[in-house]
Each structure stands twice: as structure tokens, then as C-alpha cells.
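**Q** Have a look at this one before I ask anything.
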Amino acid sequence: MPEMTGTLKTYTEYLHFHTKKRREMIHITPQLEEIVARSGIRDGFCFVSPMHITAAIYVNDHESGLIADIEEWLEKLAPARPDYRHHQTGEDNADAHLKSLLLHHEITLPITNGHLDLGTWQRAFYAEFDGQRRKHVIVKLMGVAAPAQR
Amino acid sequence: MPEMTGTLKTYTEYLHFHTKKRREMIHITPQLEEIVARSGIRDGFCFVSPMHITAAIYVNDHESGLIADIEEWLEKLAPARPDYRHHQTGEDNADAHLKSLLLHHEITLPITNGHLDLGTWQRAFYAEFDGQRRKHVIVKLMGVAAPAQR
Amino acid sequence: MPEMTGTLKTYTEYLHFHTKKRREMIHITPQLEEIVARSGIRDGFCFVSPMHITAAIYVNDHESGLIADIEEWLEKLAPARPDYRHHQTGEDNADAHLKSLLLHHEITLPITNGHLDLGTWQRAFYAEFDGQRRKHVIVKLMGVAAPAQR
């Protein structure tokens, strides 16, 4: 059945990352699926966003060759360079800001029948561009909860 | 009136595409408007996303010259090339993945008064970068339904 | 508490911009915070999008050096040039369309405890790429309203 009606439920969790390398791509679909299950939401949206401006969330293939291609492509289009104006503030991460903008930092995922409604190859990733410190990702869900079990 | 309150309604449909060419831009605003009408949702969000990682949904002009400019621009920034690492898996479509990332695959459209609340020139497109096979797009709406007619 | 349940509330306002320069980046987080407060929504989503195809909304740093870096980067990846096909229609703004696509035009922001749930440095911007005329931005919120005060 393509539709549901009911009381609105919202549900929020925060994920935490502290990468060993400055740049890292971390597959997070299983963690998101667990959050959907804990939320009890049956139909709605799952919004995922870093709370930082030097990281991103994106959806694409869980294939190591492609992930390396994506990293090389991001470096080509938004290269690390010393001469950004932002670096006059003492920072050295302007490229991380640009990479975050290029991937667009946030995603929304649909929830149907209590699960992420993704295609066969769609996987969600946390893209860290300036890590080696504690970072946070907000996961906020909104939708119709499953009727209580009796 | 800028606000509504009511029971939450969700409504989901799937669109299907099988393009003749490998790359194609398909205008889908009329189909989305029909889905909004069928949903009965009066105020809320309309989320649209391919269920694939070699396609995208974007909003821009329905003007053939600009669409050709966009295609040329995507090819310049995310060129088809033989030497992507992803191609060692037997695939030949790494550029399609990068083009999908560049456009960001998904959109959310606002619904007001039972219609897509778009500006004069805003139109939604399905961007196929690796077609000639059956592909799916999820359209999930969430909002307040119109009061039943009496 | 990570979850709320209740009646769905939607709330919509429109922002208006008329920039003096053709291109301008305008910080809008304070205006969005005021809209969240006026909405009375305690937990949910705040969607923000220009109603135009030559502008964008993005989230990043409120630091003038980085903003200049972003402008220079956008110009490099989506340069103003006379020879776009779109210009055969009499327009001269194809680069503004491409810049809008590159930043992805829209954002969703999470609302928690009646406020935008942003990280320390996350700020929302209106990015005008073809201004000097009146433009509109839709801000649509959806969520659980705070219980009425007694």
C-alpha cells in the first residue's frame, strides 16, 4: 500500500567519528539501518548530515576502486593548496570546505516498511576531509510509527 | 495562511525509466505534479531520488541549449575515461558515478496548497548517465492531507 | 529525549532578496532561526531553497576569506563565458545555472528543542549568481509543535 497516515514521530541520534587519517570514507549504511529499527518509524524520511563544514555524507557504491576514484576526483576539483585566503586565519583546510560543498554535505533517505528504501547498490558514506579529531553526525528521522504490537 | 496542522500522511510511488541512449535528461515535473495530486497531500515535502548510483535528479531550466551546456559541463568535470580504478571490476561507468555525485542525486520539493511550490522556471529532471536498462526513481511525499470533501 | 510524537505542523515563509551586485553571498542563519521560533515547531526539518535556477542555498563557514575562496572556486569550475548554447536564447547567465547546480540549490536543516540543530561552525548562506533583481527563497518547516503553554 503506497500510503500511511498517523501521528507524527520524530527520532534523533548522533553518530561520532574520530578518524586516524585526515581523510577517510566510512560506510555507515548498517548504522543507519539500526537507527531506523530503533526509531520504530515505518514510513518517512531519514536525514543525515555532519555537524561540520569539512565533512560530507554521500550515497554511492561500496567498491574500493570507485572510492579511490572519488577521492582522486575530489582532489583534482578541490585541491589542497597553501594559497587559499582562508589560510590567512591560521587554518590549512580550505580544500576540505570545498570538498564538502562539492559532495553537498547532507542526504535524505526514504524509509518504507520500516527499512531504508534504497536501490541495490546505494550505500551511505561519511566523508571526512579534515579528521583526526572528534566529529559528529546528526541522524534525524520523521514519519509514521508502526502500530504498537498487541 | 502559512501554517497547517493535522495527521501525518505519507505517499510513495516509483517511476521507471529505460532510456534509448546511454545518457539522457528527462523532464519529470508533470509526472511529479500528478503524484502530488494523487497523494491528496496539501502541505509538505516531495522527495525524489533515483534508486541508482549512476543517475541523478536535479532542478533547473527546461531549455535545450542549457541542457546541452549542462551535459558538456558534466563531461568536462567528470569525464568518461578508460583508466578509472573502478573499471578493474569489469565496469566501464565510473564517470557516471562521478556525474551523479556532482549533481547530488536527490531533491526535495516543497508542496503548498496541494501543488509543487516551485519558482517560475524551476523544473525537475531525471539525469541518466548509464542507461539503456530499466531504472527506478522513488517519489515519497510527507505532509498534511487536505480535509475530506463534504 | 531523542523522540517526540504529536500532530504534524507545517509552517512556510518566503524570504526576499534584491542584491546590489550580480553575485553575492548573504548569511541567513539568523533569519532562519527567527522563522523556526515563529513556527512553534520543536522537532523536525527546516527546508530552504531559492525559487530560482541561478541561485543556491549552502551551508559552510561564515569567514570572509573562505567565502572569497568559494567564489573563486565556483568561477574556476563553472566560468562565465560568452559561448554557452543557452546564450543563443538572449540570456547571458549560463554560468549562474551551472554554479547553482554545483552547490546544489537546496538544504534541509534539522530542528531539535525548538532550534536549528547545527554544529558550531555551520551557517546557512543565500548564494546569488545573477542578482540585481527581486528573488525569493522558500522556507518550509515540518515537525512536532511544542505543547501549548498552560
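Residues in the C-alpha cells are named by chain (A, B, ... in the order shown) and by number from 1 within that chain; ligands are numbered from 1 in the order shown.
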Skipping near chain neighbours, those fewer than 2 positions away, what residues fall within 7 Å of Val59 (chain B) using only C-alpha atoms, listed as a list of chain:residue names?
**A**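 Residues near the query, excluding close chain neighbours: B:Gln122, B:Arg123, B:Ala124, B:Phe125.
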**Q** Could the residues in this selection be saved with N, CA and C atoms as an mmCIF file, in the first residue's frame?
**A**
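Ended up saving to part_13.cif:
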```cif
data_model
loop_
_atom_site.group_PDB
_atom_site.id
_atom_site.type_symbol
_atom_site.label_atom_id
_atom_site.label_comp_id
_atom_site.auth_asym_id
_atom_site.auth_seq_id
_atom_site.Cartn_x
_atom_site.Cartn_y
_atom_site.Cartn_z
ATOM 1 N N GLN B 122 11.657 26.860 -12.359
ATOM 2 C CA GLN B 122 12.187 25.628 -11.750
ATOM 3 C C GLN B 122 11.492 24.390 -12.309
ATOM 4 N N ARG B 123 12.285 23.486 -12.853
ATOM 5 C CA ARG B 123 11.755 22.221 -13.378
ATOM 6 C C ARG B 123 12.645 21.083 -12.896
ATOM 7 N N ALA B 124 12.024 19.918 -12.663
ATOM 8 C CA ALA B 124 12.773 18.752 -12.175
ATOM 9 C C ALA B 124 13.127 17.822 -13.333
ATOM 10 N N PHE B 125 14.356 17.291 -13.308
ATOM 11 C CA PHE B 125 14.834 16.402 -14.366
ATOM 12 C C PHE B 125 15.412 15.116 -13.786
#
```
**Q** Give chain B as a PDB file with C-alpha atoms, in the first residue's frame once it has been least-squares superposed onto chain A over every C-alpha atom, paired in order.
**A**
```
ATOM      1  CA  MET B   1      -0.030   0.022   0.009  1.00  0.00           C
ATOM      2  CA  PRO B   2       1.615   3.250  -1.053  1.00  0.00           C
ATOM      3  CA  GLU B   3       0.276   5.415   1.766  1.00  0.00           C
ATOM      4  CA  MET B   4       0.137   5.612   5.564  1.00  0.00           C
ATOM      5  CA  THR B   5      -1.478   8.043   7.954  1.00  0.00           C
ATOM      6  CA  GLY B   6      -0.887   8.532  11.646  1.00  0.00           C
ATOM      7  CA  THR B   7       0.680  10.527  14.400  1.00  0.00           C
ATOM      8  CA  LEU B   8       4.008  12.124  13.544  1.00  0.00           C
ATOM      9  CA  LYS B   9       7.034  10.645  15.231  1.00  0.00           C
ATOM     10  CA  THR B  10      10.504  12.198  15.203  1.00  0.00           C
ATOM     11  CA  TYR B  11      13.619  10.353  16.340  1.00  0.00           C
ATOM     12  CA  THR B  12      17.189  11.650  16.615  1.00  0.00           C
ATOM     13  CA  GLU B  13      20.574  10.071  17.213  1.00  0.00           C
ATOM     14  CA  TYR B  14      24.102  11.371  16.813  1.00  0.00           C
ATOM     15  CA  LEU B  15      26.993   9.351  15.379  1.00  0.00           C
ATOM     16  CA  HIS B  16      30.572  10.099  16.375  1.00  0.00           C
ATOM     17  CA  PHE B  17      33.730   9.658  14.325  1.00  0.00           C
ATOM     18  CA  HIS B  18      37.391  10.153  15.119  1.00  0.00           C
ATOM     19  CA  THR B  19      39.370   9.072  12.071  1.00  0.00           C
ATOM     20  CA  LYS B  20      43.025   8.073  12.243  1.00  0.00           C
ATOM     21  CA  LYS B  21      43.753   9.587   8.864  1.00  0.00           C
ATOM     22  CA  ARG B  22      42.994  13.158   7.856  1.00  0.00           C
ATOM     23  CA  ARG B  23      40.759  11.931   5.010  1.00  0.00           C
ATOM     24  CA  GLU B  24      38.638   8.831   5.201  1.00  0.00           C
ATOM     25  CA  MET B  25      35.460   7.408   3.665  1.00  0.00           C
ATOM     26  CA  ILE B  26      33.407   5.383   6.168  1.00  0.00           C
ATOM     27  CA  HIS B  27      30.502   3.172   5.179  1.00  0.00           C
ATOM     28  CA  ILE B  28      27.570   3.915   7.532  1.00  0.00           C
ATOM     29  CA  THR B  29      24.533   2.179   5.972  1.00  0.00           C
ATOM     30  CA  PRO B  30      24.425  -0.572   8.661  1.00  0.00           C
ATOM     31  CA  GLN B  31      24.449   2.031  11.454  1.00  0.00           C
ATOM     32  CA  LEU B  32      21.651   3.953   9.750  1.00  0.00           C
ATOM     33  CA  GLU B  33      19.574   0.774   9.355  1.00  0.00           C
ATOM     34  CA  GLU B  34      19.953   0.120  13.108  1.00  0.00           C
ATOM     35  CA  ILE B  35      18.763   3.643  13.892  1.00  0.00           C
ATOM     36  CA  VAL B  36      15.721   3.176  11.649  1.00  0.00           C
ATOM     37  CA  ALA B  37      14.926  -0.073  13.506  1.00  0.00           C
ATOM     38  CA  ARG B  38      15.326   1.580  16.930  1.00  0.00           C
ATOM     39  CA  SER B  39      13.115   4.503  15.884  1.00  0.00           C
ATOM     40  CA  GLY B  40      10.083   2.352  15.220  1.00  0.00           C
ATOM     41  CA  ILE B  41       9.311   4.552  12.227  1.00  0.00           C
ATOM     42  CA  ARG B  42       7.666   2.584   9.428  1.00  0.00           C
ATOM     43  CA  ASP B  43       7.352   5.210   6.687  1.00  0.00           C
ATOM     44  CA  GLY B  44       9.107   8.548   6.346  1.00  0.00           C
ATOM     45  CA  PHE B  45      12.478  10.240   5.912  1.00  0.00           C
ATOM     46  CA  CYS B  46      15.930   9.686   7.428  1.00  0.00           C
ATOM     47  CA  PHE B  47      18.041  12.859   7.253  1.00  0.00           C
ATOM     48  CA  VAL B  48      21.810  12.511   7.765  1.00  0.00           C
ATOM     49  CA  SER B  49      24.281  15.382   7.983  1.00  0.00           C
ATOM     50  CA  PRO B  50      27.674  16.060   9.518  1.00  0.00           C
ATOM     51  CA  MET B  51      27.599  18.902  12.046  1.00  0.00           C
ATOM     52  CA  HIS B  52      30.837  20.145  10.481  1.00  0.00           C
ATOM     53  CA  ILE B  53      31.802  22.076   7.362  1.00  0.00           C
ATOM     54  CA  THR B  54      34.798  19.951   6.402  1.00  0.00           C
ATOM     55  CA  ALA B  55      32.956  16.631   6.030  1.00  0.00           C
ATOM     56  CA  ALA B  56      30.052  15.290   3.991  1.00  0.00           C
ATOM     57  CA  ILE B  57      27.575  12.450   3.712  1.00  0.00           C
ATOM     58  CA  TYR B  58      27.074  10.930   0.281  1.00  0.00           C
ATOM     59  CA  VAL B  59      25.373   7.963  -1.376  1.00  0.00           C
ATOM     60  CA  ASN B  60      27.235   5.806  -3.876  1.00  0.00           C
ATOM     61  CA  ASP B  61      28.992   2.484  -4.440  1.00  0.00           C
ATOM     62  CA  HIS B  62      30.683   0.406  -1.726  1.00  0.00           C
ATOM     63  CA  GLU B  63      33.572  -0.556  -4.036  1.00  0.00           C
ATOM     64  CA  SER B  64      37.130   0.294  -3.025  1.00  0.00           C
ATOM     65  CA  GLY B  65      38.278   1.153  -6.572  1.00  0.00           C
ATOM     66  CA  LEU B  66      35.469   3.639  -7.043  1.00  0.00           C
ATOM     67  CA  ILE B  67      36.066   5.138  -3.602  1.00  0.00           C
ATOM     68  CA  ALA B  68      39.704   5.763  -4.603  1.00  0.00           C
ATOM     69  CA  ASP B  69      38.464   7.275  -7.883  1.00  0.00           C
ATOM     70  CA  ILE B  70      36.141   9.590  -5.931  1.00  0.00           C
ATOM     71  CA  GLU B  71      38.993  10.686  -3.647  1.00  0.00           C
ATOM     72  CA  GLU B  72      41.252  11.417  -6.610  1.00  0.00           C
ATOM     73  CA  TRP B  73      38.444  13.291  -8.382  1.00  0.00           C
ATOM     74  CA  LEU B  74      37.695  15.444  -5.318  1.00  0.00           C
ATOM     75  CA  GLU B  75      41.397  16.275  -5.038  1.00  0.00           C
ATOM     76  CA  LYS B  76      41.499  17.306  -8.696  1.00  0.00           C
ATOM     77  CA  LEU B  77      38.417  19.554  -8.492  1.00  0.00           C
ATOM     78  CA  ALA B  78      39.083  20.940  -4.993  1.00  0.00           C
ATOM     79  CA  PRO B  79      42.830  20.589  -4.461  1.00  0.00           C
ATOM     80  CA  ALA B  80      44.729  21.069  -1.220  1.00  0.00           C
ATOM     81  CA  ARG B  81      46.851  24.184  -1.795  1.00  0.00           C
ATOM     82  CA  PRO B  82      48.666  26.586   0.523  1.00  0.00           C
ATOM     83  CA  ASP B  83      47.365  29.800  -1.053  1.00  0.00           C
ATOM     84  CA  TYR B  84      43.680  29.899  -0.113  1.00  0.00           C
ATOM     85  CA  ARG B  85      42.566  33.149   1.538  1.00  0.00           C
ATOM     86  CA  HIS B  86      41.012  31.093   4.357  1.00  0.00           C
ATOM     87  CA  HIS B  87      44.531  30.082   5.413  1.00  0.00           C
ATOM     88  CA  GLN B  88      45.285  33.664   6.465  1.00  0.00           C
ATOM     89  CA  THR B  89      43.142  32.869   9.541  1.00  0.00           C
ATOM     90  CA  GLY B  90      45.664  30.200  10.563  1.00  0.00           C
ATOM     91  CA  GLU B  91      43.658  27.317   9.103  1.00  0.00           C
ATOM     92  CA  ASP B  92      45.057  24.949   6.479  1.00  0.00           C
ATOM     93  CA  ASN B  93      41.862  23.149   5.450  1.00  0.00           C
ATOM     94  CA  ALA B  94      40.150  25.297   2.799  1.00  0.00           C
ATOM     95  CA  ASP B  95      40.183  22.351   0.394  1.00  0.00           C
ATOM     96  CA  ALA B  96      38.179  20.336   2.947  1.00  0.00           C
ATOM     97  CA  HIS B  97      35.471  23.035   2.908  1.00  0.00           C
ATOM     98  CA  LEU B  98      35.354  22.962  -0.914  1.00  0.00           C
ATOM     99  CA  LYS B  99      35.210  19.146  -1.002  1.00  0.00           C
ATOM    100  CA  SER B 100      32.298  19.257   1.479  1.00  0.00           C
ATOM    101  CA  LEU B 101      30.477  21.715  -0.817  1.00  0.00           C
ATOM    102  CA  LEU B 102      31.229  19.622  -3.907  1.00  0.00           C
ATOM    103  CA  LEU B 103      29.647  16.466  -2.458  1.00  0.00           C
ATOM    104  CA  HIS B 104      26.852  18.544  -0.848  1.00  0.00           C
ATOM    105  CA  HIS B 105      27.114  17.738   2.830  1.00  0.00           C
ATOM    106  CA  GLU B 106      23.730  16.148   3.571  1.00  0.00           C
ATOM    107  CA  ILE B 107      21.438  13.382   2.387  1.00  0.00           C
ATOM    108  CA  THR B 108      17.834  12.351   2.911  1.00  0.00           C
ATOM    109  CA  LEU B 109      16.988   8.649   2.681  1.00  0.00           C
ATOM    110  CA  PRO B 110      13.444   7.318   2.307  1.00  0.00           C
ATOM    111  CA  ILE B 111      12.040   4.821   4.839  1.00  0.00           C
ATOM    112  CA  THR B 112       9.415   2.299   3.630  1.00  0.00           C
ATOM    113  CA  ASN B 113       8.099  -0.701   5.594  1.00  0.00           C
ATOM    114  CA  GLY B 114      10.456   0.074   8.442  1.00  0.00           C
ATOM    115  CA  HIS B 115      13.628  -0.047   6.318  1.00  0.00           C
ATOM    116  CA  LEU B 116      15.774   2.328   4.276  1.00  0.00           C
ATOM    117  CA  ASP B 117      14.211   2.190   0.799  1.00  0.00           C
ATOM    118  CA  LEU B 118      17.462   2.086  -1.179  1.00  0.00           C
ATOM    119  CA  GLY B 119      18.340   0.608  -4.547  1.00  0.00           C
ATOM    120  CA  THR B 120      20.519  -2.513  -4.803  1.00  0.00           C
ATOM    121  CA  TRP B 121      23.818  -0.637  -4.863  1.00  0.00           C
ATOM    122  CA  GLN B 122      23.014   2.527  -2.912  1.00  0.00           C
ATOM    123  CA  ARG B 123      25.145   2.885   0.215  1.00  0.00           C
ATOM    124  CA  ALA B 124      25.650   5.860   2.542  1.00  0.00           C
ATOM    125  CA  PHE B 125      29.138   7.126   3.437  1.00  0.00           C
ATOM    126  CA  TYR B 126      30.629   9.570   5.903  1.00  0.00           C
ATOM    127  CA  ALA B 127      33.336  11.497   4.026  1.00  0.00           C
ATOM    128  CA  GLU B 128      35.926  13.010   6.348  1.00  0.00           C
ATOM    129  CA  PHE B 129      38.188  15.657   4.814  1.00  0.00           C
ATOM    130  CA  ASP B 130      39.785  17.090   7.957  1.00  0.00           C
ATOM    131  CA  GLY B 131      39.723  14.421  10.623  1.00  0.00           C
ATOM    132  CA  GLN B 132      41.964  13.156  13.400  1.00  0.00           C
ATOM    133  CA  ARG B 133      39.566  14.783  15.874  1.00  0.00           C
ATOM    134  CA  ARG B 134      36.089  14.033  17.202  1.00  0.00           C
ATOM    135  CA  LYS B 135      33.275  14.815  14.775  1.00  0.00           C
ATOM    136  CA  HIS B 136      29.509  14.398  14.972  1.00  0.00           C
ATOM    137  CA  VAL B 137      26.792  13.438  12.528  1.00  0.00           C
ATOM    138  CA  ILE B 138      23.104  14.077  13.167  1.00  0.00           C
ATOM    139  CA  VAL B 139      20.599  11.454  12.070  1.00  0.00           C
ATOM    140  CA  LYS B 140      17.018  12.720  12.364  1.00  0.00           C
ATOM    141  CA  LEU B 141      14.033  10.635  11.308  1.00  0.00           C
ATOM    142  CA  MET B 142      10.476  11.750  10.801  1.00  0.00           C
ATOM    143  CA  GLY B 143       7.492   9.647   9.858  1.00  0.00           C
ATOM    144  CA  VAL B 144       4.623   7.394  10.834  1.00  0.00           C
ATOM    145  CA  ALA B 145       5.439   4.874  13.556  1.00  0.00           C
ATOM    146  CA  ALA B 146       4.420   1.262  13.282  1.00  0.00           C
ATOM    147  CA  PRO B 147       1.202   0.485  15.151  1.00  0.00           C
ATOM    148  CA  ALA B 148       1.960  -0.892  18.619  1.00  0.00           C
ATOM    149  CA  GLN B 149       2.173  -4.709  18.769  1.00  0.00           C
ATOM    150  CA  ARG B 150      -0.762  -6.407  20.506  1.00  0.00           C
TER     151      ARG B 150
END
```
**Q** Could you please write out, as an MDAnalysis selection string, every residue of region 58-125 of chain B that DSSP assigns to strand (DSSP E)?
**A** chainID B and resid 58:60 107:112 115:116 123:125
**Q** Please, could you write that set of residues out with all heavy atoms as a CSV table (one decimal), in the first residue's frame?
**A**
```csv
chain,number,residue,atom,x,y,z
B,58,TYR,N,17.8,16.5,-10.7
B,58,TYR,CA,18.2,17.9,-10.5
B,58,TYR,C,17.1,18.9,-10.8
B,58,TYR,O,16.1,18.5,-11.6
B,58,TYR,CB,19.5,18.2,-11.2
B,58,TYR,CG,19.3,18.4,-12.7
B,58,TYR,CD1,19.1,19.7,-13.2
B,58,TYR,CD2,19.5,17.4,-13.6
B,58,TYR,CE1,19.0,19.9,-14.6
B,58,TYR,CE2,19.4,17.6,-14.9
B,58,TYR,CZ,19.1,18.9,-15.4
B,58,TYR,OH,19.0,19.0,-16.8
B,59,VAL,N,17.2,20.1,-10.4
B,59,VAL,CA,16.2,21.1,-10.7
B,59,VAL,C,17.0,22.2,-11.5
B,59,VAL,O,18.0,22.8,-11.0
B,59,VAL,CB,15.6,21.8,-9.4
B,59,VAL,CG1,14.8,23.0,-9.7
B,59,VAL,CG2,14.7,20.7,-8.7
B,60,ASN,N,16.5,22.5,-12.6
B,60,ASN,CA,17.0,23.7,-13.4
B,60,ASN,C,16.1,24.0,-14.6
B,60,ASN,O,14.9,23.6,-14.6
B,60,ASN,CB,18.5,23.5,-13.8
B,60,ASN,CG,19.2,24.8,-13.7
B,60,ASN,OD1,19.1,25.7,-14.6
B,60,ASN,ND2,20.0,25.0,-12.6
B,107,ILE,N,16.6,15.3,-4.7
B,107,ILE,CA,16.0,16.6,-4.5
B,107,ILE,C,14.8,16.5,-3.5
B,107,ILE,O,14.2,15.4,-3.4
B,107,ILE,CB,15.5,17.4,-5.7
B,107,ILE,CG1,14.4,16.5,-6.5
B,107,ILE,CG2,16.6,17.7,-6.7
B,107,ILE,CD1,13.7,17.3,-7.5
B,108,THR,N,14.5,17.6,-2.8
B,108,THR,CA,13.3,17.7,-2.1
B,108,THR,C,12.5,18.9,-2.7
B,108,THR,O,13.2,19.9,-3.0
B,108,THR,CB,13.5,18.0,-0.6
B,108,THR,OG1,14.2,16.8,-0.1
B,108,THR,CG2,12.2,18.2,0.2
B,109,LEU,N,11.3,18.8,-2.9
B,109,LEU,CA,10.4,19.9,-3.4
B,109,LEU,C,9.4,20.2,-2.4
B,109,LEU,O,8.8,19.3,-1.8
B,109,LEU,CB,9.8,19.5,-4.8
B,109,LEU,CG,10.8,19.1,-5.9
B,109,LEU,CD1,10.0,18.6,-7.1
B,109,LEU,CD2,11.7,20.3,-6.3
B,110,PRO,N,9.1,21.5,-2.2
B,110,PRO,CA,8.0,21.8,-1.3
B,110,PRO,C,6.6,21.7,-1.9
B,110,PRO,O,6.5,22.0,-3.1
B,110,PRO,CB,8.4,23.3,-0.9
B,110,PRO,CG,9.1,23.8,-2.1
B,110,PRO,CD,9.8,22.6,-2.7
B,111,ILE,N,5.7,21.3,-1.1
B,111,ILE,CA,4.3,21.3,-1.6
B,111,ILE,C,3.5,22.3,-0.7
B,111,ILE,O,3.5,22.3,0.5
B,111,ILE,CB,3.6,19.9,-1.3
B,111,ILE,CG1,4.4,18.8,-2.0
B,111,ILE,CG2,2.2,19.8,-1.7
B,111,ILE,CD1,4.1,17.4,-1.6
B,112,THR,N,2.8,23.2,-1.4
B,112,THR,CA,1.9,24.2,-0.8
B,112,THR,C,0.6,24.2,-1.5
B,112,THR,O,0.6,24.2,-2.8
B,112,THR,CB,2.6,25.6,-0.8
B,112,THR,OG1,3.9,25.5,-0.3
B,112,THR,CG2,1.8,26.6,0.0
B,115,HIS,N,0.0,21.8,-4.4
B,115,HIS,CA,0.9,21.8,-5.6
B,115,HIS,C,2.3,22.0,-5.3
B,115,HIS,O,2.7,22.5,-4.2
B,115,HIS,CB,0.5,23.0,-6.5
B,115,HIS,CG,-0.9,22.8,-7.1
B,115,HIS,ND1,-1.1,22.0,-8.2
B,115,HIS,CD2,-2.1,23.4,-6.8
B,115,HIS,CE1,-2.4,22.1,-8.5
B,115,HIS,NE2,-3.0,22.9,-7.6
B,116,LEU,N,3.2,21.5,-6.2
B,116,LEU,CA,4.7,21.8,-6.0
B,116,LEU,C,4.8,23.3,-6.0
B,116,LEU,O,4.3,24.0,-6.8
B,116,LEU,CB,5.4,21.2,-7.2
B,116,LEU,CG,5.4,19.7,-7.3
B,116,LEU,CD1,6.2,19.3,-8.6
B,116,LEU,CD2,6.1,19.1,-6.1
B,123,ARG,N,12.3,23.5,-12.9
B,123,ARG,CA,11.8,22.2,-13.4
B,123,ARG,C,12.6,21.1,-12.9
B,123,ARG,O,13.9,21.3,-12.8
B,123,ARG,CB,11.8,22.2,-14.9
B,123,ARG,CG,10.9,23.3,-15.6
B,123,ARG,CD,9.4,23.0,-15.4
B,123,ARG,NE,8.6,24.0,-16.0
B,123,ARG,CZ,8.3,25.2,-15.4
B,123,ARG,NH1,8.8,25.5,-14.2
B,123,ARG,NH2,7.5,26.1,-16.1
B,124,ALA,N,12.0,19.9,-12.7
B,124,ALA,CA,12.8,18.8,-12.2
B,124,ALA,C,13.1,17.8,-13.3
B,124,ALA,O,12.3,17.6,-14.2
B,124,ALA,CB,12.0,18.0,-11.1
B,125,PHE,N,14.4,17.3,-13.3
B,125,PHE,CA,14.8,16.4,-14.4
B,125,PHE,C,15.4,15.1,-13.8
B,125,PHE,O,16.1,15.1,-12.7
B,125,PHE,CB,15.9,17.1,-15.2
B,125,PHE,CG,15.4,18.2,-16.1
B,125,PHE,CD1,15.2,19.4,-15.6
B,125,PHE,CD2,15.1,17.9,-17.4
B,125,PHE,CE1,14.7,20.5,-16.4
B,125,PHE,CE2,14.6,18.9,-18.2
B,125,PHE,CZ,14.4,20.2,-17.7
```
